[in-house]
Amino acid sequence: MVYHQPATSLLPKGQIPPASQTTLINGKGRHVDNPTVPLSVINVQSTKRYRFRIIGMACDPVFTFSIDGHILTLIEADGEYTQPLVVDSLAVYAGQRYSAILNASQPIGNYWIRSNPDRGFPGFDGGRNSAILRYVGAPDEEPKTSSAPVNPLNEVNLHGLTNPQAPGLPVRGGADYVLHLQPTFNFTSFEFTMNGATYTPPTTPVLLQILSGVHNAQDLLPKGAVYSLPTNKVIEISISGTGGDMGGPDPVQRDTVNTGLANGNATIRFVTDNSGPWFLHCHIDWHLEL
């Protein structure tokens, strides 16, 4: 996705972040006021199988990805192989990555690749939010296909290929260290808070503060934004404000999850076996400025 103005002019203090204006697939896309620019074309040969790497490079919207007339077999999420899961569409949040296998088994022709945003300018009129899947031997023209997905990705059905169990005990709180994070938004100051604390980039990077040897963990800046965790322990972080189904008894292992909907909760676990200061952050770029 792309904005047609510089970011600094699009987000004055005290305003809601704007919607993106154009969806790009492999660097090409159309705007409502410019429906004639060329689209990206993915060429395939009939009867062959292809691995599609689908990357959510957006700084805000969620994209629903699908290819007309074709099913996709998911085999990887965020760099971790998964048990094969057949879908015909999937929601891709900012920062998420998937690998999907496509069988080029349909009649030779042109098919729409669709990546519909949840905000901004959704829809496909004039070839917006689209690219073209073109079989070798098909004419050089835009598709006339339609889309009606019936089997979208439900993340609760996505499981790791190896070592699918989360570390710790299979119960809530079954970890060595449990931390709850409550994100909120202050409409008076127009800032996000995490457990009541706002994040301000420190004048000295946290790693350099640690290496200086003169700071205790509780003295690291910014205040309220640094959490000290025990080494080689199972950590459980619970984040309020998540909707939808994900995880389960053998959840997929991934590094980016949706936590932006109301009336829910996301719980993640990891082992502290890689010492250092690590950035836990929202992948919506605008939120790094709030």
# chains A, B, ... in the order shown; residues from 1 in each chain; ligands from 1
>>> residues_around(residues="region 83-85 of chain A", least_positions_apart="3", cutoff="9 Å", atoms="only C-alpha atoms", output="count of residues only")
13
>>> atom_distance(atom1="CA of Pro35 (chain A)", atom2="CA of Pro61 (chain A)")
20.9 Å
>>> select_by_dssp(residues="region 41-277 of chain A", states="strand (DSSP E or B)", output="mmCIF file with C-alpha atoms, in the first residue's frame")
data_model
loop_
_atom_site.group_PDB
_atom_site.id
_atom_site.type_symbol
_atom_site.label_atom_id
_atom_site.label_comp_id
_atom_site.auth_asym_id
_atom_site.auth_seq_id
_atom_site.Cartn_x
_atom_site.Cartn_y
_atom_site.Cartn_z
ATOM 1 C CA VAL A 41 1.783 -10.077 -13.832
ATOM 2 C CA ILE A 42 2.741 -13.437 -12.314
ATOM 3 C CA ASN A 43 3.415 -15.960 -15.091
ATOM 4 C CA VAL A 44 2.799 -19.655 -14.467
ATOM 5 C CA ARG A 49 3.211 -26.092 -8.673
ATOM 6 C CA TYR A 50 4.348 -22.717 -7.344
ATOM 7 C CA ARG A 51 5.296 -21.416 -3.932
ATOM 8 C CA PHE A 52 3.880 -17.956 -3.307
ATOM 9 C CA ARG A 53 5.487 -15.887 -0.553
ATOM 10 C CA ILE A 54 2.835 -13.465 0.697
ATOM 11 C CA ILE A 55 4.212 -10.591 2.776
ATOM 12 C CA PHE A 63 -5.379 -7.374 3.309
ATOM 13 C CA THR A 64 -7.575 -10.286 2.283
ATOM 14 C CA PHE A 65 -5.566 -12.221 -0.292
ATOM 15 C CA SER A 66 -7.011 -14.632 -2.857
ATOM 16 C CA ILE A 67 -6.523 -15.812 -6.445
ATOM 17 C CA LEU A 72 -3.912 -22.180 -1.728
ATOM 18 C CA THR A 73 -2.158 -24.669 0.556
ATOM 19 C CA LEU A 74 -0.479 -22.822 3.419
ATOM 20 C CA ILE A 75 2.844 -24.343 4.501
ATOM 21 C CA GLU A 76 4.568 -21.568 6.445
ATOM 22 C CA ALA A 77 3.768 -18.573 8.640
ATOM 23 C CA GLU A 80 7.895 -21.347 10.678
ATOM 24 C CA TYR A 81 6.704 -24.337 8.647
ATOM 25 C CA THR A 82 3.113 -25.381 9.302
ATOM 26 C CA GLN A 83 1.060 -28.465 8.671
ATOM 27 C CA PRO A 84 -0.470 -28.023 5.187
ATOM 28 C CA LEU A 85 -3.787 -26.183 5.356
ATOM 29 C CA VAL A 86 -6.017 -25.622 2.323
ATOM 30 C CA VAL A 87 -7.760 -22.239 2.066
ATOM 31 C CA SER A 89 -8.398 -16.695 1.017
ATOM 32 C CA LEU A 90 -6.429 -15.392 3.963
ATOM 33 C CA ALA A 91 -6.224 -12.199 6.002
ATOM 34 C CA VAL A 92 -2.682 -10.823 6.136
ATOM 35 C CA ARG A 97 4.250 -13.535 6.153
ATOM 36 C CA TYR A 98 2.897 -16.719 4.615
ATOM 37 C CA SER A 99 4.010 -19.316 2.080
ATOM 38 C CA ALA A 100 1.300 -20.948 -0.012
ATOM 39 C CA ILE A 101 1.446 -23.627 -2.696
ATOM 40 C CA LEU A 102 -0.610 -23.001 -5.832
ATOM 41 C CA ASN A 103 -1.348 -25.722 -8.370
ATOM 42 C CA ASN A 110 -5.772 -14.872 -16.937
ATOM 43 C CA TYR A 111 -6.963 -14.795 -13.315
ATOM 44 C CA TRP A 112 -7.232 -11.924 -10.855
ATOM 45 C CA ILE A 113 -4.929 -11.918 -7.852
ATOM 46 C CA ARG A 114 -6.790 -9.937 -5.199
ATOM 47 C CA SER A 115 -5.493 -8.141 -2.101
ATOM 48 C CA ASN A 116 -8.416 -6.234 -0.642
ATOM 49 C CA PRO A 117 -7.676 -3.749 2.192
ATOM 50 C CA SER A 130 -5.175 -6.516 -7.872
ATOM 51 C CA ALA A 131 -2.493 -8.222 -9.931
ATOM 52 C CA ILE A 132 -2.743 -10.811 -12.713
ATOM 53 C CA LEU A 133 -1.985 -14.544 -12.686
ATOM 54 C CA ARG A 134 -1.237 -15.413 -16.317
ATOM 55 C CA TYR A 135 -0.786 -18.913 -17.675
ATOM 56 C CA PRO A 152 -10.981 -18.462 4.444
ATOM 57 C CA GLY A 160 3.163 -26.042 13.497
ATOM 58 C CA TYR A 177 6.781 -15.645 34.555
ATOM 59 C CA VAL A 178 3.411 -14.161 33.608
ATOM 60 C CA LEU A 179 2.974 -10.589 32.394
ATOM 61 C CA HIS A 180 -0.275 -8.873 31.439
ATOM 62 C CA LEU A 181 -0.199 -5.905 29.071
ATOM 63 C CA PRO A 183 -2.920 -1.300 25.685
ATOM 64 C CA THR A 184 -5.124 1.799 25.742
ATOM 65 C CA PHE A 185 -5.428 5.018 23.789
ATOM 66 C CA ASN A 186 -5.633 8.419 25.445
ATOM 67 C CA GLU A 191 -1.067 8.735 22.707
ATOM 68 C CA PHE A 192 -1.065 4.986 23.146
ATOM 69 C CA THR A 193 -0.184 3.611 26.567
ATOM 70 C CA MET A 194 0.888 0.158 27.691
ATOM 71 C CA ALA A 197 2.960 4.163 30.332
ATOM 72 C CA VAL A 234 9.130 -19.678 30.070
ATOM 73 C CA ILE A 235 7.458 -16.281 29.708
ATOM 74 C CA GLU A 236 3.728 -15.815 29.173
ATOM 75 C CA ILE A 237 2.515 -12.419 27.958
ATOM 76 C CA SER A 238 -1.206 -11.756 27.839
ATOM 77 C CA ILE A 239 -2.346 -8.796 25.728
ATOM 78 C CA SER A 240 -5.888 -7.467 26.044
ATOM 79 C CA ASN A 265 -7.167 -11.505 24.593
ATOM 80 C CA ALA A 266 -3.989 -12.789 22.951
ATOM 81 C CA THR A 267 -1.549 -14.897 24.934
ATOM 82 C CA ILE A 268 1.961 -15.654 23.702
ATOM 83 C CA ARG A 269 4.806 -17.670 25.196
ATOM 84 C CA PHE A 270 8.510 -17.836 24.587
ATOM 85 C CA VAL A 271 11.713 -18.881 26.335
#
>>> select_by_dssp(residues="region 138-226 of chain A", states="alpha helix (DSSP H)", output="ChimeraX atom specification")
/A:206-212
>>> write_last_selection(atoms="C-alpha atoms", output="PDB file, in the first residue's frame")
ATOM      1  CA  VAL A 206      18.632   0.611  25.845  1.00  0.00           C
ATOM      2  CA  LEU A 207      21.476  -1.724  24.812  1.00  0.00           C
ATOM      3  CA  LEU A 208      24.048   0.997  25.486  1.00  0.00           C
ATOM      4  CA  GLN A 209      22.414   1.741  28.836  1.00  0.00           C
ATOM      5  CA  ILE A 210      22.827  -1.938  29.759  1.00  0.00           C
ATOM      6  CA  LEU A 211      26.411  -2.154  28.513  1.00  0.00           C
ATOM      7  CA  SER A 212      27.402   0.939  30.511  1.00  0.00           C
TER       8      SER A 212
END
>>> atom_distance(atom1="CA of Ser105 (chain A)", atom2="CA of Arg128 (chain A)")
25.5 Å
>>> atom_distance(atom1="CA of Ile108 (chain A)", atom2="CA of Gly27 (chain A)")
25.2 Å
